[in-house]
Amino acid sequence: MPTLRIALAQVNPTVGDIDGNAAIVRRHTRAAADAGAHLVAFPEMMLTGYPVEDLVFRDSFVAASRAGLRQLAADLAADGLGGLPALVGYLDADGPATLSAAASPDHGPRNALAVLYEGRVVGHYYKHHLPNYGVFDEDRYFVAGDTLTVARIAGVDVALTICEDLWQTGVRSRSPARRASAWSSASTARRTS
């Protein structure tokens with residue numbers, strides 16, 4: 001059975017400081033590589049900081065997040081770290097970033113996670129469960145994702161997930177974690193039959 005050494009970068013990004021947050025990612029990816037990690041994972045919305053609140057409705061901020069992510073992937077490769085996959089949270093959008101009557105209910109701002117590898121963004125995932133209790137108001141800001149992304153890293157299938165997607169059930173009874181477990185079981189059965 002393959003071994004996967006994961007570095008969990010418990011850091012504190014600053015809302016709106018894309019360049020400063022990218023520098024934190026570069027520094028901690030170097031430390032993860034030096035420690036022999038096969039994968040380094042950063043917090044939710046690492047690149048933009050969290051919570052971004054109304055910044056999600058500024059097309060220029062969404063564009064800066066996406067450009068910053070691509071630049072970060074290139075910078076990690078230039079730092080000699082391109083071979084270490086990095087999971088980095090960021091703000092994305094697959095539709096208008098503004099609230100309007102014409103906005104589609106299944107397209108818009110996304111709380112996203114990207115896989116950075118070999119100087120490129122090689123995969124992404126959109127958060128499914130958007131909390132709307134206590135201090136959280138994500139359902140106001142983001143459109144929920146509905147697909148599962150699985151990456152093969154060091155011979156191990158890694159299902160991407162963001163925060164509550166790991167443990168929530170109910171509204172979306174096929175949570176990403178549950179679907180990943182089923183996918184993994186089916187994949188194992190296919191390999192052993």
# chains A, B, ... in the order shown; residues from 1 in each chain; ligands from 1

$ residues_around --residues "Leu116 (chain A)" --least-positions-apart "4" --cutoff "10 Å" --atoms "only C-alpha atoms" --output "list in words"
Val40, Leu69, Arg70, Leu72, Ala73, Ala74, Leu76, Ala77, Gly82, Gly83, Leu84, Pro85, Ala86, Leu87, Val88, Arg120, Val121, Val122, Gly123 and His124 of chain A

$ residues_around --residues "Ala63 (chain A)" --least-positions-apart "3" --cutoff "12 Å" --atoms "only C-alpha atoms" --output "PDB file with N, CA, C and O atoms, in the first residue's frame"
ATOM      1  N   ILE A  18      -3.559  39.127  -1.735  1.00  0.00           N
ATOM      2  CA  ILE A  18      -3.239  37.982  -2.586  1.00  0.00           C
ATOM      3  C   ILE A  18      -1.732  37.777  -2.680  1.00  0.00           C
ATOM      4  O   ILE A  18      -1.252  36.646  -2.534  1.00  0.00           O
ATOM      5  N   THR A  48      -6.969  34.329  -1.075  1.00  0.00           N
ATOM      6  CA  THR A  48      -7.701  35.590  -0.924  1.00  0.00           C
ATOM      7  C   THR A  48      -7.938  35.980   0.523  1.00  0.00           C
ATOM      8  O   THR A  48      -8.322  37.116   0.798  1.00  0.00           O
ATOM      9  N   LEU A  55     -16.363  41.146  -1.372  1.00  0.00           N
ATOM     10  CA  LEU A  55     -15.332  41.155  -2.415  1.00  0.00           C
ATOM     11  C   LEU A  55     -15.655  40.157  -3.516  1.00  0.00           C
ATOM     12  O   LEU A  55     -15.196  40.315  -4.648  1.00  0.00           O
ATOM     13  N   VAL A  56     -16.456  39.124  -3.211  1.00  0.00           N
ATOM     14  CA  VAL A  56     -16.804  38.138  -4.237  1.00  0.00           C
ATOM     15  C   VAL A  56     -17.580  38.770  -5.383  1.00  0.00           C
ATOM     16  O   VAL A  56     -17.604  38.222  -6.483  1.00  0.00           O
ATOM     17  N   PHE A  57     -18.223  39.900  -5.147  1.00  0.00           N
ATOM     18  CA  PHE A  57     -19.043  40.539  -6.171  1.00  0.00           C
ATOM     19  C   PHE A  57     -18.258  41.533  -7.033  1.00  0.00           C
ATOM     20  O   PHE A  57     -18.830  42.201  -7.885  1.00  0.00           O
ATOM     21  N   ARG A  58     -16.961  41.622  -6.805  1.00  0.00           N
ATOM     22  CA  ARG A  58     -16.112  42.508  -7.608  1.00  0.00           C
ATOM     23  C   ARG A  58     -15.380  41.660  -8.647  1.00  0.00           C
ATOM     24  O   ARG A  58     -14.494  40.871  -8.315  1.00  0.00           O
ATOM     25  N   ASP A  59     -15.768  41.832  -9.888  1.00  0.00           N
ATOM     26  CA  ASP A  59     -15.132  41.054 -10.959  1.00  0.00           C
ATOM     27  C   ASP A  59     -13.618  41.211 -10.945  1.00  0.00           C
ATOM     28  O   ASP A  59     -12.886  40.264 -11.230  1.00  0.00           O
ATOM     29  N   SER A  60     -13.136  42.407 -10.597  1.00  0.00           N
ATOM     30  CA  SER A  60     -11.692  42.646 -10.568  1.00  0.00           C
ATOM     31  C   SER A  60     -11.012  41.798  -9.491  1.00  0.00           C
ATOM     32  O   SER A  60      -9.884  41.336  -9.695  1.00  0.00           O
ATOM     33  N   ARG A  66      -7.826  34.632  -9.611  1.00  0.00           N
ATOM     34  CA  ARG A  66      -7.490  33.640 -10.637  1.00  0.00           C
ATOM     35  C   ARG A  66      -6.080  33.870 -11.188  1.00  0.00           C
ATOM     36  O   ARG A  66      -5.309  32.925 -11.347  1.00  0.00           O
ATOM     37  N   ALA A  67      -5.743  35.124 -11.480  1.00  0.00           N
ATOM     38  CA  ALA A  67      -4.403  35.445 -11.988  1.00  0.00           C
ATOM     39  C   ALA A  67      -3.348  35.139 -10.933  1.00  0.00           C
ATOM     40  O   ALA A  67      -2.278  34.598 -11.244  1.00  0.00           O
ATOM     41  N   GLY A  68      -3.647  35.465  -9.681  1.00  0.00           N
ATOM     42  CA  GLY A  68      -2.718  35.182  -8.593  1.00  0.00           C
ATOM     43  C   GLY A  68      -2.465  33.694  -8.433  1.00  0.00           C
ATOM     44  O   GLY A  68      -1.341  33.265  -8.130  1.00  0.00           O
ATOM     45  N   LEU A  69      -3.504  32.900  -8.648  1.00  0.00           N
ATOM     46  CA  LEU A  69      -3.363  31.443  -8.545  1.00  0.00           C
ATOM     47  C   LEU A  69      -2.436  30.910  -9.636  1.00  0.00           C
ATOM     48  O   LEU A  69      -1.534  30.123  -9.361  1.00  0.00           O
ATOM     49  N   ARG A  70      -2.649  31.356 -10.866  1.00  0.00           N
ATOM     50  CA  ARG A  70      -1.781  30.913 -11.973  1.00  0.00           C
ATOM     51  C   ARG A  70      -0.342  31.364 -11.744  1.00  0.00           C
ATOM     52  O   ARG A  70       0.603  30.599 -11.976  1.00  0.00           O
ATOM     53  N   TYR A  90      -9.003  29.409  -3.040  1.00  0.00           N
ATOM     54  CA  TYR A  90      -9.032  30.698  -3.734  1.00  0.00           C
ATOM     55  C   TYR A  90     -10.472  31.041  -4.097  1.00  0.00           C
ATOM     56  O   TYR A  90     -11.388  30.239  -3.915  1.00  0.00           O
ATOM     57  N   LEU A  91     -10.676  32.221  -4.624  1.00  0.00           N
ATOM     58  CA  LEU A  91     -11.982  32.657  -5.116  1.00  0.00           C
ATOM     59  C   LEU A  91     -12.013  32.463  -6.621  1.00  0.00           C
ATOM     60  O   LEU A  91     -11.128  32.932  -7.333  1.00  0.00           O
ATOM     61  N   ASP A  92     -13.048  31.781  -7.090  1.00  0.00           N
ATOM     62  CA  ASP A  92     -13.227  31.573  -8.518  1.00  0.00           C
ATOM     63  C   ASP A  92     -14.652  32.000  -8.869  1.00  0.00           C
ATOM     64  O   ASP A  92     -15.446  32.328  -7.986  1.00  0.00           O
ATOM     65  N   ALA A  93     -14.977  31.995 -10.126  1.00  0.00           N
ATOM     66  CA  ALA A  93     -16.345  32.252 -10.582  1.00  0.00           C
ATOM     67  C   ALA A  93     -16.505  31.607 -11.950  1.00  0.00           C
ATOM     68  O   ALA A  93     -15.591  31.627 -12.763  1.00  0.00           O
ATOM     69  N   ASP A  94     -17.663  31.027 -12.176  1.00  0.00           N
ATOM     70  CA  ASP A  94     -17.960  30.459 -13.494  1.00  0.00           C
ATOM     71  C   ASP A  94     -19.191  31.148 -14.079  1.00  0.00           C
ATOM     72  O   ASP A  94     -19.936  30.577 -14.846  1.00  0.00           O
ATOM     73  N   GLY A  95     -19.370  32.372 -13.694  1.00  0.00           N
ATOM     74  CA  GLY A  95     -20.468  33.196 -14.180  1.00  0.00           C
ATOM     75  C   GLY A  95     -20.280  34.578 -13.603  1.00  0.00           C
ATOM     76  O   GLY A  95     -19.250  34.864 -12.991  1.00  0.00           O
ATOM     77  N   PRO A  96     -21.267  35.433 -13.758  1.00  0.00           N
ATOM     78  CA  PRO A  96     -21.125  36.794 -13.234  1.00  0.00           C
ATOM     79  C   PRO A  96     -20.847  36.796 -11.739  1.00  0.00           C
ATOM     80  O   PRO A  96     -21.447  36.035 -10.988  1.00  0.00           O
ATOM     81  N   ALA A  97     -19.936  37.649 -11.327  1.00  0.00           N
ATOM     82  CA  ALA A  97     -19.598  37.758  -9.906  1.00  0.00           C
ATOM     83  C   ALA A  97     -20.538  38.723  -9.193  1.00  0.00           C
ATOM     84  O   ALA A  97     -20.410  38.919  -7.997  1.00  0.00           O
ATOM     85  N   PRO A 109     -19.977  33.209  -8.255  1.00  0.00           N
ATOM     86  CA  PRO A 109     -18.786  33.130  -7.399  1.00  0.00           C
ATOM     87  C   PRO A 109     -18.672  31.759  -6.725  1.00  0.00           C
ATOM     88  O   PRO A 109     -19.678  31.187  -6.301  1.00  0.00           O
TER      89      PRO A 109
END

$ select_by_dssp --residues "region 9-87 of chain A" --states "strand (DSSP E)" --output "PyMOL selection string"
chain A and resi 39-41+86-87

$ write_last_selection --atoms "N, CA, C and O atoms" --output "PDB file, in the first residue's frame"
ATOM      1  N   LEU A  39       2.481  16.022  -0.402  1.00  0.00           N
ATOM      2  CA  LEU A  39       1.355  16.920  -0.670  1.00  0.00           C
ATOM      3  C   LEU A  39       1.325  17.962   0.437  1.00  0.00           C
ATOM      4  O   LEU A  39       1.557  17.638   1.599  1.00  0.00           O
ATOM      5  N   VAL A  40       1.028  19.216   0.065  1.00  0.00           N
ATOM      6  CA  VAL A  40       0.867  20.256   1.081  1.00  0.00           C
ATOM      7  C   VAL A  40      -0.518  20.871   0.898  1.00  0.00           C
ATOM      8  O   VAL A  40      -0.925  21.178  -0.219  1.00  0.00           O
ATOM      9  N   ALA A  41      -1.257  20.983   2.002  1.00  0.00           N
ATOM     10  CA  ALA A  41      -2.621  21.513   1.973  1.00  0.00           C
ATOM     11  C   ALA A  41      -2.705  22.800   2.783  1.00  0.00           C
ATOM     12  O   ALA A  41      -2.198  22.876   3.903  1.00  0.00           O
ATOM     13  N   ALA A  86       0.332  21.178  -4.389  1.00  0.00           N
ATOM     14  CA  ALA A  86      -0.144  22.075  -3.340  1.00  0.00           C
ATOM     15  C   ALA A  86      -1.641  22.293  -3.529  1.00  0.00           C
ATOM     16  O   ALA A  86      -2.092  22.588  -4.639  1.00  0.00           O
ATOM     17  N   LEU A  87      -2.402  22.125  -2.451  1.00  0.00           N
ATOM     18  CA  LEU A  87      -3.838  22.391  -2.465  1.00  0.00           C
ATOM     19  C   LEU A  87      -4.044  23.778  -1.878  1.00  0.00           C
ATOM     20  O   LEU A  87      -3.729  24.023  -0.712  1.00  0.00           O
TER      21      LEU A  87
END

$ closest_residue --among "A:Leu160, A:Leu8, A:Ala114, A:Val135" --to "Thr147 (chain A)" --atoms "only C-alpha atoms"
A:Leu160

$ atom_distance --atom1 "CA of Glu118 (chain A)" --atom2 "CA of Thr3 (chain A)"
20.9 Å

$ select_by_dssp --residues "chain A" --states "helix (DSSP H, G or I)" --output "JSON, numbers by chain"
{"A": [18, 19, 20, 21, 22, 23, 24, 25, 26, 27, 28, 29, 30, 31, 32, 33, 34, 53, 54, 55, 56, 57, 59, 60, 61, 62, 63, 64, 65, 66, 67, 68, 69, 70, 71, 72, 73, 74, 75, 76, 77, 78, 138, 139, 140, 141, 163, 164, 165, 166, 176, 177, 178, 179, 180, 181, 182, 183, 184, 185, 186, 187, 188, 189, 190, 191, 192]}

$ atom_distance --atom1 "CA of Gly145 (chain A)" --atom2 "CA of Asp75 (chain A)"
28.0 Å

$ closest_residue --among "A:Ala154, A:Val15, A:Val143, A:Met1" --to "Val52 (chain A)" --atoms "only C-alpha atoms"
A:Val15

$ residues_around --residues "Pro13 (chain A)" --least-positions-apart "6" --cutoff "10 Å" --atoms "only C-alpha atoms" --output "mmCIF file with N, CA and C atoms, in the first residue's frame"
data_model
loop_
_atom_site.group_PDB
_atom_site.id
_atom_site.type_symbol
_atom_site.label_atom_id
_atom_site.label_comp_id
_atom_site.auth_asym_id
_atom_site.auth_seq_id
_atom_site.Cartn_x
_atom_site.Cartn_y
_atom_site.Cartn_z
ATOM 1 N N GLY A 20 0.684 38.776 -0.568
ATOM 2 C CA GLY A 20 1.210 38.364 0.734
ATOM 3 C C GLY A 20 0.842 36.929 1.060
ATOM 4 N N ASN A 21 -0.387 36.540 0.726
ATOM 5 C CA ASN A 21 -0.822 35.167 0.982
ATOM 6 C C ASN A 21 -0.077 34.180 0.089
ATOM 7 N N ALA A 22 0.194 34.573 -1.154
ATOM 8 C CA ALA A 22 0.981 33.721 -2.054
ATOM 9 C C ALA A 22 2.393 33.524 -1.504
ATOM 10 N N ILE A 24 3.204 33.440 1.619
ATOM 11 C CA ILE A 24 3.063 32.454 2.703
ATOM 12 C C ILE A 24 3.019 31.047 2.126
ATOM 13 N N VAL A 25 2.280 30.865 1.032
ATOM 14 C CA VAL A 25 2.194 29.544 0.393
ATOM 15 C C VAL A 25 3.573 29.099 -0.074
ATOM 16 N N PHE A 42 -3.356 23.798 2.190
ATOM 17 C CA PHE A 42 -3.522 25.107 2.818
ATOM 18 C C PHE A 42 -4.988 25.336 3.176
ATOM 19 N N PRO A 43 -5.268 26.340 4.014
ATOM 20 C CA PRO A 43 -6.633 26.600 4.463
ATOM 21 C C PRO A 43 -7.593 27.027 3.342
ATOM 22 N N GLU A 44 -8.855 26.954 3.683
ATOM 23 C CA GLU A 44 -9.932 27.424 2.826
ATOM 24 C C GLU A 44 -9.668 28.880 2.423
ATOM 25 N N MET A 45 -9.771 29.148 1.131
ATOM 26 C CA MET A 45 -9.592 30.490 0.564
ATOM 27 C C MET A 45 -8.252 31.115 0.959
ATOM 28 N N MET A 46 -7.225 30.304 0.995
ATOM 29 C CA MET A 46 -5.889 30.738 1.394
ATOM 30 C C MET A 46 -5.408 31.953 0.595
ATOM 31 N N LEU A 47 -5.588 31.919 -0.696
ATOM 32 C CA LEU A 47 -5.013 32.960 -1.541
ATOM 33 C C LEU A 47 -5.674 34.326 -1.324
ATOM 34 N N THR A 48 -6.969 34.329 -1.075
ATOM 35 C CA THR A 48 -7.701 35.590 -0.924
ATOM 36 C C THR A 48 -7.938 35.980 0.523
ATOM 37 N N GLY A 49 -7.745 35.036 1.442
ATOM 38 C CA GLY A 49 -8.141 35.239 2.822
ATOM 39 C C GLY A 49 -9.617 34.894 2.975
ATOM 40 N N TYR A 50 -10.037 34.691 4.221
ATOM 41 C CA TYR A 50 -11.417 34.277 4.481
ATOM 42 C C TYR A 50 -11.902 34.934 5.758
#

$ atom_distance --atom1 "CA of Ala23 (chain A)" --atom2 "CA of Ile162 (chain A)"
21.8 Å

$ residues_around --residues "region 127-131 of chain A" --least-positions-apart "6" --cutoff "10 Å" --atoms "only C-alpha atoms" --output "number ranges by chain"
A: 44, 110-113, 137-148, 160-169, 171-172, 175-176
